[in-house]
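Peer 1: input-v6.json is reproduced in full below (JSON, C-alpha atoms and all ligand atoms).
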```json
[["chain", "number", "residue", "atom", "x", "y", "z"],
["A", 1, "MET", "CA", 54.03, 54.87, 5.09],
["A", 2, "PRO", "CA", 55.68, 57.85, 6.80],
["A", 3, "GLU", "CA", 59.44, 57.69, 6.95],
["A", 4, "PRO", "CA", 60.44, 56.84, 10.51],
["A", 5, "THR", "CA", 63.09, 59.07, 12.06],
["A", 6, "PRO", "CA", 66.40, 57.27, 12.17],
["A", 7, "SER", "CA", 67.46, 56.53, 15.68],
["A", 8, "PRO", "CA", 70.14, 59.08, 16.65],
["A", 9, "SER", "CA", 71.92, 56.62, 18.83],
["A", 10, "GLY", "CA", 71.53, 53.70, 16.44],
["A", 11, "THR", "CA", 70.03, 51.92, 19.35],
["A", 12, "GLY", "CA", 69.57, 49.08, 17.83],
["A", 13, "LEU", "CA", 68.22, 46.27, 19.42],
["A", 14, "LEU", "CA", 71.45, 44.46, 18.79],
["A", 15, "THR", "CA", 73.76, 47.39, 18.26],
["A", 16, "PRO", "CA", 76.21, 48.82, 20.68],
["A", 17, "ALA", "CA", 74.90, 52.30, 21.45],
["A", 18, "ARG", "CA", 75.85, 55.41, 19.44],
["A", 19, "ARG", "CA", 76.68, 53.82, 16.12],
["A", 20, "PRO", "CA", 74.14, 54.44, 13.34],
["A", 21, "ALA", "CA", 72.86, 51.32, 11.66],
["A", 22, "VAL", "CA", 73.67, 50.51, 8.05],
["A", 23, "ILE", "CA", 70.99, 47.79, 8.12],
["A", 24, "GLU", "CA", 68.19, 47.57, 10.63],
["A", 25, "LEU", "CA", 65.24, 45.21, 10.87],
["A", 26, "ARG", "CA", 62.53, 45.95, 13.39],
["A", 27, "SER", "CA", 59.92, 43.35, 14.26],
["A", 28, "VAL", "CA", 60.21, 41.89, 10.77],
["A", 29, "ARG", "CA", 57.87, 39.12, 9.78],
["A", 30, "ALA", "CA", 58.45, 37.47, 6.44],
["A", 31, "GLY", "CA", 57.87, 34.22, 4.62],
["A", 32, "TYR", "CA", 56.95, 32.50, 1.43],
["A", 33, "GLY", "CA", 53.46, 32.81, 0.01],
["A", 34, "ARG", "CA", 51.21, 32.92, 3.00],
["A", 35, "ILE", "CA", 53.53, 30.93, 5.22],
["A", 36, "GLU", "CA", 55.31, 33.07, 7.78],
["A", 37, "VAL", "CA", 58.87, 31.92, 8.45],
["A", 38, "LEU", "CA", 60.29, 34.89, 10.39],
["A", 39, "HIS", "CA", 58.20, 35.81, 13.39],
["A", 40, "GLY", "CA", 59.52, 39.20, 14.45],
["A", 41, "ILE", "CA", 63.22, 39.69, 13.80],
["A", 42, "ASP", "CA", 65.06, 42.67, 15.32],
["A", 43, "LEU", "CA", 68.60, 43.39, 14.32],
["A", 44, "SER", "CA", 70.78, 46.38, 13.76],
["A", 45, "LEU", "CA", 74.14, 46.43, 12.06],
["A", 46, "PRO", "CA", 76.46, 49.43, 12.21],
["A", 47, "ALA", "CA", 79.41, 50.11, 9.88],
["A", 48, "GLY", "CA", 82.34, 47.84, 10.54],
["A", 49, "ALA", "CA", 80.33, 45.35, 12.58],
["A", 50, "VAL", "CA", 80.14, 41.64, 11.89],
["A", 51, "LEU", "CA", 76.91, 39.98, 12.98],
["A", 52, "ALA", "CA", 76.77, 36.20, 12.55],
["A", 53, "LEU", "CA", 73.40, 34.50, 12.34],
["A", 54, "LEU", "CA", 73.93, 30.98, 13.60],
["A", 55, "GLY", "CA", 71.53, 28.13, 14.05],
["A", 56, "PRO", "CA", 70.26, 24.85, 12.67],
["A", 57, "ASN", "CA", 68.95, 24.03, 9.22],
["A", 58, "GLY", "CA", 65.67, 25.70, 8.44],
["A", 59, "ALA", "CA", 65.95, 28.19, 11.31],
["A", 60, "GLY", "CA", 65.39, 31.15, 9.00],
["A", 61, "LYS", "CA", 68.93, 32.50, 8.63],
["A", 62, "SER", "CA", 68.90, 32.69, 4.83],
["A", 63, "THR", "CA", 65.44, 34.20, 4.95],
["A", 64, "VAL", "CA", 66.78, 37.03, 7.12],
["A", 65, "LEU", "CA", 69.43, 37.65, 4.46],
["A", 66, "LYS", "CA", 66.79, 37.60, 1.74],
["A", 67, "VAL", "CA", 64.91, 40.33, 3.56],
["A", 68, "ALA", "CA", 68.09, 42.34, 4.15],
["A", 69, "SER", "CA", 69.03, 42.10, 0.46],
["A", 70, "GLY", "CA", 65.57, 43.07, -0.74],
["A", 71, "LEU", "CA", 64.82, 39.68, -2.29],
["A", 72, "LEU", "CA", 61.91, 39.19, 0.09],
["A", 73, "ALA", "CA", 59.70, 42.03, 1.26],
["A", 74, "PRO", "CA", 58.66, 41.93, 4.92],
["A", 75, "MET", "CA", 55.04, 41.00, 5.55],
["A", 76, "ASP", "CA", 55.19, 43.25, 8.58],
["A", 77, "GLY", "CA", 57.73, 45.31, 10.47],
["A", 78, "CYS", "CA", 60.35, 47.75, 9.18],
["A", 79, "PHE", "CA", 63.48, 47.36, 7.13],
["A", 80, "HIS", "CA", 65.90, 50.29, 7.04],
["A", 81, "VAL", "CA", 69.10, 50.88, 5.11],
["A", 82, "MET", "CA", 71.12, 53.81, 6.38],
["A", 83, "GLY", "CA", 68.07, 55.21, 8.08],
["A", 84, "ARG", "CA", 65.81, 54.95, 5.02],
["A", 85, "HIS", "CA", 62.69, 52.88, 5.18],
["A", 86, "VAL", "CA", 63.11, 50.38, 2.33],
["A", 87, "ASN", "CA", 60.36, 47.75, 2.73],
["A", 88, "GLY", "CA", 59.59, 46.49, -0.77],
["A", 89, "VAL", "CA", 62.53, 48.26, -2.46],
["A", 90, "ALA", "CA", 64.00, 46.03, -5.18],
["A", 91, "THR", "CA", 67.30, 44.22, -4.78],
["A", 92, "ASP", "CA", 69.01, 46.15, -7.58],
["A", 93, "ALA", "CA", 68.12, 49.48, -5.98],
["A", 94, "LEU", "CA", 69.44, 48.25, -2.63],
["A", 95, "ALA", "CA", 72.60, 47.04, -4.36],
["A", 96, "ARG", "CA", 73.11, 50.51, -5.81],
["A", 97, "ALA", "CA", 72.56, 51.89, -2.32],
["A", 98, "GLY", "CA", 75.44, 49.74, -1.11],
["A", 99, "VAL", "CA", 73.90, 46.46, 0.05],
["A", 100, "CYS", "CA", 75.75, 43.65, -1.66],
["A", 101, "THR", "CA", 74.93, 39.95, -1.31],
["A", 102, "ILE", "CA", 76.95, 36.82, -1.89],
["A", 103, "PRO", "CA", 74.35, 34.07, -2.02],
["A", 104, "GLU", "CA", 74.88, 30.50, -0.94],
["A", 105, "GLY", "CA", 76.70, 28.74, -3.79],
["A", 106, "ARG", "CA", 78.86, 31.75, -4.75],
["A", 107, "ALA", "CA", 77.19, 32.58, -8.07],
["A", 108, "VAL", "CA", 80.21, 33.17, -10.25],
["A", 109, "PHE", "CA", 79.89, 32.68, -14.01],
["A", 110, "PRO", "CA", 81.59, 29.30, -14.57],
["A", 111, "ASN", "CA", 82.13, 29.74, -18.31],
["A", 112, "LEU", "CA", 83.81, 33.13, -17.97],
["A", 113, "THR", "CA", 87.39, 33.64, -16.89],
["A", 114, "VAL", "CA", 88.33, 35.28, -13.62],
["A", 115, "SER", "CA", 89.05, 38.54, -15.48],
["A", 116, "GLU", "CA", 85.74, 38.38, -17.33],
["A", 117, "ASN", "CA", 83.86, 37.74, -14.09],
["A", 118, "LEU", "CA", 85.51, 40.84, -12.65],
["A", 119, "ARG", "CA", 84.91, 42.89, -15.78],
["A", 120, "ILE", "CA", 81.16, 42.53, -15.27],
["A", 121, "MET", "CA", 81.56, 44.69, -12.19],
["A", 122, "THR", "CA", 82.65, 47.70, -14.25],
["A", 123, "TYR", "CA", 78.98, 48.45, -14.96],
["A", 124, "GLY", "CA", 78.99, 50.94, -12.10],
["A", 125, "GLY", "CA", 81.63, 53.08, -13.81],
["A", 126, "VAL", "CA", 84.75, 51.78, -12.07],
["A", 127, "SER", "CA", 87.43, 50.95, -14.63],
["A", 128, "ARG", "CA", 88.43, 47.39, -15.38],
["A", 129, "GLY", "CA", 91.98, 48.11, -14.25],
["A", 130, "GLU", "CA", 90.77, 49.41, -10.92],
["A", 131, "VAL", "CA", 88.40, 46.48, -10.33],
["A", 132, "GLU", "CA", 91.20, 44.03, -11.10],
["A", 133, "ALA", "CA", 93.78, 45.90, -9.06],
["A", 134, "ARG", "CA", 91.54, 45.87, -6.00],
["A", 135, "ALA", "CA", 90.61, 42.21, -6.47],
["A", 136, "PHE", "CA", 94.17, 41.03, -7.02],
["A", 137, "ALA", "CA", 95.56, 43.08, -4.13],
["A", 138, "ARG", "CA", 93.15, 41.37, -1.76],
["A", 139, "PHE", "CA", 93.28, 37.94, -3.37],
["A", 140, "PRO", "CA", 96.68, 37.45, -5.06],
["A", 141, "ARG", "CA", 95.71, 33.92, -6.03],
["A", 142, "LEU", "CA", 93.08, 35.32, -8.38],
["A", 143, "ALA", "CA", 95.79, 37.23, -10.25],
["A", 144, "GLU", "CA", 97.57, 33.94, -10.94],
["A", 145, "ARG", "CA", 94.30, 32.51, -12.21],
["A", 146, "ARG", "CA", 93.06, 35.52, -14.17],
["A", 147, "LYS", "CA", 92.78, 33.64, -17.48],
["A", 148, "GLN", "CA", 91.26, 30.53, -15.96],
["A", 149, "LEU", "CA", 87.56, 29.73, -16.32],
["A", 150, "ALA", "CA", 85.82, 30.38, -13.01],
["A", 151, "GLY", "CA", 84.17, 26.96, -13.15],
["A", 152, "THR", "CA", 87.57, 25.30, -12.97],
["A", 153, "LEU", "CA", 88.67, 27.15, -9.81],
["A", 154, "SER", "CA", 88.64, 25.44, -6.44],
["A", 155, "GLY", "CA", 85.66, 26.14, -4.18],
["A", 156, "GLY", "CA", 87.73, 28.53, -2.06],
["A", 157, "GLU", "CA", 88.96, 30.41, -5.12],
["A", 158, "GLN", "CA", 85.40, 30.73, -6.42],
["A", 159, "GLN", "CA", 84.38, 32.16, -3.07],
["A", 160, "MET", "CA", 87.31, 34.62, -3.30],
["A", 161, "LEU", "CA", 86.13, 35.63, -6.77],
["A", 162, "ALA", "CA", 82.58, 36.12, -5.50],
["A", 163, "MET", "CA", 83.92, 38.31, -2.69],
["A", 164, "ALA", "CA", 86.19, 40.25, -5.04],
["A", 165, "ARG", "CA", 83.24, 40.97, -7.32],
["A", 166, "ALA", "CA", 81.12, 42.08, -4.41],
["A", 167, "LEU", "CA", 83.84, 44.38, -3.11],
["A", 168, "ALA", "CA", 84.27, 45.98, -6.54],
["A", 169, "THR", "CA", 81.02, 47.82, -5.83],
["A", 170, "GLU", "CA", 82.49, 49.31, -2.61],
["A", 171, "PRO", "CA", 79.48, 48.19, -0.59],
["A", 172, "ALA", "CA", 78.41, 49.67, 2.71],
["A", 173, "ALA", "CA", 77.06, 46.28, 3.75],
["A", 174, "LEU", "CA", 78.01, 42.80, 2.69],
["A", 175, "LEU", "CA", 75.62, 39.89, 3.20],
["A", 176, "LEU", "CA", 77.29, 36.48, 3.16],
["A", 177, "ASP", "CA", 75.29, 33.27, 3.08],
["A", 178, "GLU", "CA", 77.22, 30.21, 4.28],
["A", 179, "ILE", "CA", 80.59, 31.00, 2.75],
["A", 180, "SER", "CA", 82.02, 27.84, 4.34],
["A", 181, "MET", "CA", 79.71, 25.57, 2.35],
["A", 182, "GLY", "CA", 81.69, 22.64, 1.00],
["A", 183, "LEU", "CA", 85.11, 24.12, 1.83],
["A", 184, "ALA", "CA", 88.00, 22.72, 3.83],
["A", 185, "PRO", "CA", 88.53, 24.23, 7.31],
["A", 186, "LEU", "CA", 91.82, 25.95, 6.40],
["A", 187, "VAL", "CA", 90.23, 27.62, 3.39],
["A", 188, "VAL", "CA", 87.32, 28.75, 5.54],
["A", 189, "ASP", "CA", 89.76, 30.27, 8.05],
["A", 190, "ASP", "CA", 91.46, 32.21, 5.23],
["A", 191, "LEU", "CA", 88.14, 33.51, 3.93],
["A", 192, "TYR", "CA", 87.03, 34.61, 7.38],
["A", 193, "ALA", "CA", 90.35, 36.38, 7.88],
["A", 194, "VAL", "CA", 89.46, 38.43, 4.80],
["A", 195, "VAL", "CA", 85.97, 39.02, 6.18],
["A", 196, "GLY", "CA", 87.59, 40.45, 9.31],
["A", 197, "GLN", "CA", 89.77, 42.79, 7.20],
["A", 198, "ILE", "CA", 86.78, 43.97, 5.18],
["A", 199, "ALA", "CA", 84.89, 44.78, 8.37],
["A", 200, "ALA", "CA", 87.92, 46.62, 9.73],
["A", 201, "GLU", "CA", 87.71, 48.82, 6.64],
["A", 202, "GLY", "CA", 84.21, 49.84, 7.73],
["A", 203, "VAL", "CA", 81.92, 47.50, 5.81],
["A", 204, "ALA", "CA", 78.97, 46.18, 7.83],
["A", 205, "ILE", "CA", 78.78, 42.42, 7.51],
["A", 206, "LEU", "CA", 75.78, 40.19, 8.11],
["A", 207, "LEU", "CA", 76.49, 36.53, 7.65],
["A", 208, "THR", "CA", 74.93, 33.14, 8.15],
["A", 209, "GLU", "CA", 76.77, 30.00, 9.10],
["A", 210, "GLN", "CA", 75.83, 26.52, 10.16],
["A", 211, "PHE", "CA", 79.38, 25.76, 11.21],
["A", 212, "ALA", "CA", 80.23, 28.43, 13.64],
["A", 213, "ARG", "CA", 83.85, 28.13, 14.65],
["A", 214, "ALA", "CA", 85.48, 30.39, 12.03],
["A", 215, "ALA", "CA", 82.60, 32.86, 11.99],
["A", 216, "MET", "CA", 82.76, 33.24, 15.76],
["A", 217, "ARG", "CA", 86.35, 34.45, 15.48],
["A", 218, "VAL", "CA", 85.48, 37.50, 13.41],
["A", 219, "ALA", "CA", 81.93, 38.17, 14.57],
["A", 220, "ASP", "CA", 81.61, 40.85, 17.18],
["A", 221, "ARG", "CA", 78.02, 39.79, 17.75],
["A", 222, "VAL", "CA", 76.26, 36.50, 17.27],
["A", 223, "ALA", "CA", 72.54, 35.89, 17.00],
["A", 224, "LEU", "CA", 71.23, 32.39, 17.59],
["A", 225, "VAL", "CA", 68.31, 31.85, 15.23],
["A", 226, "SER", "CA", 65.73, 29.16, 15.77],
["A", 227, "GLY", "CA", 62.22, 28.70, 14.48],
["A", 228, "GLY", "CA", 62.23, 32.10, 12.79],
["A", 229, "ARG", "CA", 63.15, 33.96, 15.96],
["A", 230, "ILE", "CA", 66.34, 35.24, 17.52],
["A", 231, "ALA", "CA", 66.74, 33.14, 20.62],
["A", 232, "ALA", "CA", 69.79, 34.93, 21.99],
["A", 233, "VAL", "CA", 72.21, 37.60, 20.92],
["A", 234, "GLY", "CA", 75.49, 38.92, 22.22],
["A", 235, "ARG", "CA", 79.23, 38.85, 21.89],
["A", 236, "PRO", "CA", 80.45, 35.34, 21.13],
["A", 237, "ASP", "CA", 81.85, 35.02, 24.65],
["A", 238, "GLU", "CA", 78.58, 36.29, 26.15],
["A", 239, "LEU", "CA", 76.25, 33.64, 24.76],
["A", 240, "PRO", "CA", 74.73, 31.49, 27.44],
["A", 241, "SER", "CA", 76.60, 28.22, 27.13],
["A", 242, "ASP", "CA", 73.46, 26.11, 27.45],
["A", 243, "LEU", "CA", 71.81, 27.96, 24.57],
["A", 244, "ALA", "CA", 74.93, 27.84, 22.45],
["A", 245, "ALA", "CA", 75.21, 24.12, 23.03],
["A", 246, "ALA", "CA", 71.52, 23.55, 22.33],
["A", 247, "TYR", "CA", 71.42, 25.63, 19.16],
["A", 248, "LEU", "CA", 74.85, 25.06, 17.76],
["A", 249, "GLY", "CA", 75.84, 21.70, 19.13],
["A", 250, "GLY", "CA", 79.35, 20.83, 17.99],
["A", 251, "GLY", "CA", 79.13, 23.65, 15.45],
["A", 252, "LEU", "CA", 80.36, 26.10, 18.04],
["A", 253, "THR", "CA", 83.76, 24.57, 18.08],
["A", 254, "GLU", "CA", 83.97, 22.27, 15.10],
["A", 255, "GLN", "CA", 84.05, 22.86, 11.39],
["A", 256, "ALA", "CA", 82.17, 20.32, 9.32],
["A", 257, "SER", "CA", 84.47, 17.72, 7.96],
["A", 301, "LIG", "P1", 69.53, 26.40, 5.77],
["A", 301, "LIG", "O1", 70.89, 26.63, 6.24],
["A", 301, "LIG", "O2", 69.13, 24.99, 5.71],
["A", 301, "LIG", "O3", 69.23, 27.14, 4.48],
["A", 301, "LIG", "P2", 68.20, 28.50, 7.17],
["A", 301, "LIG", "O4", 68.31, 28.76, 8.62],
["A", 301, "LIG", "O5", 68.94, 29.42, 6.28],
["A", 301, "LIG", "O6", 68.59, 27.02, 6.90],
["A", 301, "LIG", "P3", 65.91, 29.19, 5.61],
["A", 301, "LIG", "O7", 66.52, 28.76, 4.32],
["A", 301, "LIG", "O8", 65.78, 30.65, 5.86],
["A", 301, "LIG", "O9", 66.66, 28.51, 6.82],
["A", 301, "LIG", "O10", 64.49, 28.50, 5.71],
["A", 301, "LIG", "C1", 63.57, 28.79, 6.74],
["A", 301, "LIG", "C2", 62.27, 28.07, 6.45],
["A", 301, "LIG", "O11", 61.71, 28.59, 5.26],
["A", 301, "LIG", "C3", 62.44, 26.56, 6.23],
["A", 301, "LIG", "O12", 61.34, 25.92, 6.82],
["A", 301, "LIG", "C4", 62.42, 26.44, 4.74],
["A", 301, "LIG", "O13", 61.88, 25.19, 4.36],
["A", 301, "LIG", "C5", 61.47, 27.54, 4.33],
["A", 301, "LIG", "N1", 61.80, 28.07, 2.99],
["A", 301, "LIG", "C6", 63.00, 28.54, 2.60],
["A", 301, "LIG", "N2", 62.94, 28.95, 1.30],
["A", 301, "LIG", "C7", 61.67, 28.73, 0.90],
["A", 301, "LIG", "C8", 60.98, 28.95, -0.33],
["A", 301, "LIG", "N3", 61.59, 29.51, -1.39],
["A", 301, "LIG", "N4", 59.69, 28.61, -0.38],
["A", 301, "LIG", "C9", 59.05, 28.07, 0.68],
["A", 301, "LIG", "N5", 59.64, 27.84, 1.88],
["A", 301, "LIG", "C10", 60.94, 28.16, 1.98]]
```
What does the file become when written as structure tokens?
Ligand code: ATP
Peer 2:
Amino acid sequence: MPEPTPSPSGTGLLTPARRPAVIELRSVRAGYGRIEVLHGIDLSLPAGAVLALLGPNGAGKSTVLKVASGLLAPMDGCFHVMGRHVNGVATDALARAGVCTIPEGRAVFPNLTVSENLRIMTYGGVSRGEVEARAFARFPRLAERRKQLAGTLSGGEQQMLAMARALATEPAALLLDEISMGLAPLVVDDLYAVVGQIAAEGVAILLTEQFARAAMRVADRVALVSGGRIAAVGRPDELPSDLAAAYLGGGLTEQAS
């Protein structure tokens, strides 16, 4: 397939004009086997932006992240990373190109210590000292727990470790799937505060959430996903209230207990 010319204005369908997209999906259809789950997704994510995909169970949010991380190749449509057409490019190649994913469930190694989990991230050539220094500067609690097995950390600390590992690769884009899963509201607020800082440093962030309150605080754009389509998109304060209520219910204002 010929390489499409990157849009000079980054006009992304969801992007404020004049910022080039780190990740862009155009008319993406994707699914599992022969079953199509995404029916034409358009999104564009520039550096430093936070786009939250919100919506009910089974809407297709995680499937969008699977496409954006390279786990699932589009059946149709275009997937670009920094202007390059990357349909079908493997996850590891996308990771090396700067697209880093934290899947639902955090995926830390429970039988390794915090330090050992971080040491794994030295494969890219960054020294262990540097990986640890960055991780501990951002998450001081991990420094206190450096010799502790990751499986014995609290859920919030495991999520911090997953984020610290992801950031060790200095990603251009970070994909976060339901980081609030199973965590107390205050912990979720802390994690989203860090998400906001990471975005302010220029990382493009695409995230999914079922419980929207904390995500809405840091997201500069929100896409309501339903039935494999984006039903509405805009700044959090721009979403039509009837749609927000219909798609998010209490999730717009309440964290799950
Ligand atoms: P949730 O928060 O519950 O994960 P979601 O919005 O992230 O919801 P997806 O996980 O993307 O939704 O699922 C979208 C649809 O795809 C659902 O109907 C789901 O059953 C289906 N699906 C997800 N993963 C698979 C899979 N591996 N094989 C087959 N169907 C799948």
Peer 1: Counting only C-alpha atoms and all ligand atoms, what are the residues, protein, DNA or RNA alike, that approach ligand LIG 301 (chain A) to within 12 Å? I want them as a PyMOL selection string.
Peer 2: chain A and resi 30-39+52-67+71-72+103-105+176-181+207-211+223-230+247-248
Peer 1: Hey, what's within 9 Å of Phe79 in chain A if we count only C-alpha atoms and toss same-chain stuff fewer than 4 positions away? As a list in words, please?
Peer 2: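 Non-adjacent residues within range: Ile23, Glu24, Leu25, Arg26, Ser27, Val28, Val67, Ala68, Ala73, Pro74, Arg84, His85, Val86, Asn87 and Gly88 of chain A.
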Peer 1: Point out the residue among A:Leu175, A:Val131, A:Ala49, A:Met163 with the least atom-to-atom distance to Val194 in chain A, counting only C-alpha atoms.
Peer 2: A:Met163
Peer 1: May I have the residues within 10 Å of Asp220 in chain A as number ranges by chain, using only C-alpha atoms and disregarding those fewer than 4 positions away in the same chain?
Peer 2: A: 48-52, 196, 215-216, 234-237
Peer 1: Neighbouring residues of Ala166 in chain A were defined as those with any atom within 10 Å, considering all atoms listed in the file; residues of the same chain fewer than 3 positions away were excluded. Please report them as a ChimeraX atom specification.
Peer 2: /A:95,99-102,118,121,135,160-163,169-171,174-175
Peer 1: Any idea what the distance is between CA of Val114 in chain A and CA of Gly151 in chain A?
Peer 2: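 CA of Val114 in chain A sits 9.3 Å away from CA of Gly151 in chain A.
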Peer 1: Pick the closest to Ile198 in chain A from A:Thr152, A:Arg138, A:Ala232, A:Ser127: which is it, counting only C-alpha atoms?
Peer 2: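 Checking each candidate against Ile198 in chain A, we get A:Arg138 as the closest.
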Peer 1: For range 51-54 of chain A, take all atoms listed in the file, fit an axis-aligned box around them, add 4 Å to each of the six sides, then output centre and edge lengths in Å rounded to one decimal, as JSON.
Peer 2:
```
{"center_x": 75.2, "center_y": 35.5, "center_z": 13.0, "size_x": 11.5, "size_y": 17.0, "size_z": 9.3}
```
Peer 1: Looking at A:Met75, A:Lys147, A:Arg119, A:Gly70, which one is nearest to Val89 in chain A, with distances taken over all atoms listed in the file?
Peer 2: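 Closest to Val89 in chain A of all the choices is A:Gly70.
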Peer 1: One number please: CA of Cys78 in chain A to CA of Thr91 in chain A, in Å, one decimal.
Peer 2: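 Separation of CA of Cys78 in chain A and CA of Thr91 in chain A: 16.0 Å.
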Peer 1: Between CA of Leu183 in chain A and CA of Pro110 in chain A, what is the distance, to one decimal in Å?
Peer 2: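 Computing it gives 17.6 Å between the two atoms.
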